[in-house]
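Report on the following structure.
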Amino acid sequence: MKRNDVIVCLICDGVEKIPQSFIDYLTERKALDLELLKEKGFATFNEQTGRYKMKDIEDFMEPGQEVYPNNLLHTFGVATADFGIEENDFFRDTKVNFLFCLKHNNNGKINSYKWLLTGLASYLNPRYI
């Protein structure tokens, strides 16, 4: 295994459950862009609470569709050494591929495993999970 073969994937159950401090941490490292989700019509920003909220899926799907997906996965990727691992000998001077995946709706933990195993793993074809 080569050092650049490592991909760290974090799947979160909806933006409402993420502490603001972690949103700030991810945003600073360019691993999350909630403003982009707002620009693309997936989210809104509440001025009173200072928090983002995901729109209902029906609000941005094509009009006239009879069936809508029950969830979407918004995926952000960054190669970084700035996640507290830069002191580790194995990762020193190496960037780690980091995928931050935000489930549009919180459908529970088992849904996260489905996204990982049938979605991301089938696309990335990893040797180990």
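The way I read the labels, and the way they are meant: chains A, B, ... in the order of the structure tokens, residue 1 as the first residue of every chain, and ligand 1 as the first ligand shown, with later ones counted on from there.
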
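Near region 33-45 of chain A, within 8 Å and counting only C-alpha atoms, sit Thr27, Gly50, Arg51, Tyr52, Lys53, Met54, Lys55, Ile57, Phe60 and Phe76 of chain A; same-chain residues fewer than 5 positions away were not included.
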
Check your understanding: Neighbours of Lys30 (chain A) within 12 Å (only C-alpha atoms; same-chain residues fewer than 6 positions away dropped), as a list in words?
Key -> Ile23, Asp24, Leu36, Thr75, Phe76, Gly77, Val78, Ala79, Thr80, Asp82, Phe83, Phe98, Leu99 and Phe100 of chain A

Write to file, as a tab-separated table (two decimals), in the first residue's frame, the residues of the selection just made, with N, CA and C atoms.
```tsv
chain	number	residue	atom	x	y	z
A	23	ILE	N	-18.50	22.23	11.48
A	23	ILE	CA	-18.78	22.84	10.17
A	23	ILE	C	-17.69	23.86	9.85
A	24	ASP	N	-17.34	24.69	10.83
A	24	ASP	CA	-16.28	25.68	10.64
A	24	ASP	C	-14.95	25.01	10.33
A	36	LEU	N	-22.05	26.51	-1.42
A	36	LEU	CA	-22.25	25.88	-2.73
A	36	LEU	C	-23.58	25.13	-2.76
A	75	THR	N	-21.14	15.06	-1.80
A	75	THR	CA	-19.78	14.61	-1.54
A	75	THR	C	-18.77	15.70	-1.86
A	76	PHE	N	-17.88	15.94	-0.93
A	76	PHE	CA	-16.82	16.93	-1.09
A	76	PHE	C	-15.49	16.21	-0.89
A	77	GLY	N	-14.52	16.51	-1.70
A	77	GLY	CA	-13.22	15.86	-1.58
A	77	GLY	C	-12.09	16.86	-1.49
A	78	VAL	N	-11.09	16.51	-0.71
A	78	VAL	CA	-9.91	17.36	-0.56
A	78	VAL	C	-8.73	16.46	-0.22
A	79	ALA	N	-7.56	16.84	-0.71
A	79	ALA	CA	-6.32	16.18	-0.31
A	79	ALA	C	-5.63	17.12	0.66
A	80	THR	N	-5.40	16.64	1.88
A	80	THR	CA	-4.88	17.53	2.91
A	80	THR	C	-3.97	16.79	3.88
A	82	ASP	N	-3.75	18.46	6.88
A	82	ASP	CA	-4.13	19.30	8.02
A	82	ASP	C	-5.31	18.72	8.79
A	83	PHE	N	-5.19	17.47	9.23
A	83	PHE	CA	-6.23	16.86	10.03
A	83	PHE	C	-5.68	16.24	11.30
A	98	PHE	N	-9.40	12.95	1.51
A	98	PHE	CA	-10.49	12.99	2.48
A	98	PHE	C	-11.79	13.27	1.76
A	99	LEU	N	-12.77	12.38	1.92
A	99	LEU	CA	-14.11	12.58	1.38
A	99	LEU	C	-15.05	12.89	2.53
A	100	PHE	N	-15.70	14.03	2.43
A	100	PHE	CA	-16.74	14.35	3.39
A	100	PHE	C	-18.06	14.21	2.67
```

Check your understanding: Looking only at the backbone, which of the residues in chain A does DSSP tag as strand (DSSP E), as an MDAnalysis selection string?
Key -> chainID A and resid 7:12 43:46 51:54 73:80 96:103

Would you mind exporting the chosen residues as a compact mmCIF listing (two decimals), in the first residue's frame, restricted to C-alpha atoms?
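Ended up saving to out_39.txt:
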```
# COMPACT_ATOMS: atom_id res chain seq x y z
CA ILE A 7 -8.91 7.62 1.45
CA VAL A 8 -10.65 8.70 4.63
CA CYS A 9 -14.42 8.91 4.21
CA LEU A 10 -16.74 10.52 6.73
CA ILE A 11 -20.50 10.28 6.19
CA CYS A 12 -22.69 12.63 8.26
CA ALA A 43 -30.00 24.28 1.11
CA THR A 44 -31.14 27.53 2.66
CA PHE A 45 -29.49 29.74 5.26
CA ASN A 46 -31.49 30.90 8.26
CA ARG A 51 -27.44 27.72 10.38
CA TYR A 52 -28.01 26.01 7.06
CA LYS A 53 -30.99 23.76 6.49
CA MET A 54 -31.49 21.30 3.66
CA LEU A 73 -25.41 12.22 -0.82
CA HIS A 74 -23.47 15.47 -1.25
CA THR A 75 -19.78 14.61 -1.54
CA PHE A 76 -16.82 16.93 -1.09
CA GLY A 77 -13.22 15.86 -1.58
CA VAL A 78 -9.91 17.36 -0.56
CA ALA A 79 -6.32 16.18 -0.31
CA THR A 80 -4.88 17.53 2.91
CA VAL A 96 -4.51 12.25 2.71
CA ASN A 97 -7.49 11.99 0.39
CA PHE A 98 -10.49 12.99 2.48
CA LEU A 99 -14.11 12.58 1.38
CA PHE A 100 -16.74 14.35 3.39
CA CYS A 101 -20.17 13.02 2.52
CA LEU A 102 -23.26 14.81 3.75
CA LYS A 103 -26.53 12.92 3.62
```

**Study point:** Residue set, chain A restricted to helix (DSSP H, G or I), as number ranges by chain
**Key:** A: 3-5, 15-17, 20-28, 34-39, 57-59, 109-124

For those residues, write C-alpha atoms to a file as a CSV table (one decimal), in the first residue's frame.
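What ended up in again.csv:
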```csv
chain,number,residue,atom,x,y,z
A,3,ARG,CA,0.6,6.4,1.3
A,4,ASN,CA,-1.4,8.2,-1.3
A,5,ASP,CA,-3.7,5.2,-1.6
A,15,VAL,CA,-26.3,19.1,8.3
A,16,GLU,CA,-28.6,19.9,11.2
A,17,LYS,CA,-26.8,17.4,13.5
A,20,GLN,CA,-21.1,24.5,14.2
A,21,SER,CA,-17.5,24.1,15.4
A,22,PHE,CA,-17.1,21.1,13.1
A,23,ILE,CA,-18.8,22.8,10.2
A,24,ASP,CA,-16.3,25.7,10.6
A,25,TYR,CA,-13.4,23.2,10.8
A,26,LEU,CA,-14.4,21.4,7.6
A,27,THR,CA,-15.1,24.7,5.8
A,28,GLU,CA,-11.7,26.1,6.7
A,34,LEU,CA,-22.5,24.8,2.4
A,35,GLU,CA,-22.6,28.0,0.4
A,36,LEU,CA,-22.3,25.9,-2.7
A,37,LEU,CA,-25.2,23.7,-1.6
A,38,LYS,CA,-27.2,26.9,-1.1
A,39,GLU,CA,-26.2,28.2,-4.6
A,57,ILE,CA,-36.0,16.9,-2.0
A,58,GLU,CA,-39.3,17.6,-3.8
A,59,ASP,CA,-38.5,21.3,-3.8
A,109,LYS,CA,-26.8,4.9,10.5
A,110,ILE,CA,-27.8,1.9,8.5
A,111,ASN,CA,-28.4,4.2,5.6
A,112,SER,CA,-24.9,5.5,5.9
A,113,TYR,CA,-23.5,2.0,5.6
A,114,LYS,CA,-25.6,1.5,2.4
A,115,TRP,CA,-24.1,4.7,0.9
A,116,LEU,CA,-20.6,3.5,1.8
A,117,LEU,CA,-20.9,-0.1,0.7
A,118,THR,CA,-23.2,0.1,-2.3
A,119,GLY,CA,-22.5,3.6,-3.4
A,120,LEU,CA,-18.9,4.8,-2.7
A,121,ALA,CA,-17.3,1.3,-2.5
A,122,SER,CA,-18.7,0.2,-5.8
A,123,TYR,CA,-17.4,3.4,-7.4
A,124,LEU,CA,-14.0,3.5,-5.7
```

Point to revise | Atomic distance CA of Leu72 (chain A) - CA of Ala31 (chain A), expressed in Å with one decimal | key: 17.7 Å

**Study point:** All residues 10 Å or closer to Asp56 (chain A), only C-alpha atoms, same chain fewer than 5 positions away omitted, as a ChimeraX atom specification
**Key:** /A:42-43,61,70-71,104-105

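Rounded to one decimal, CA of Asp93 (chain A) and CA of Leu32 (chain A) lie 23.0 Å from each other.
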
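The coordinates place CA of Ile129 (chain A) at 25.9 Å from CA of Pro69 (chain A).
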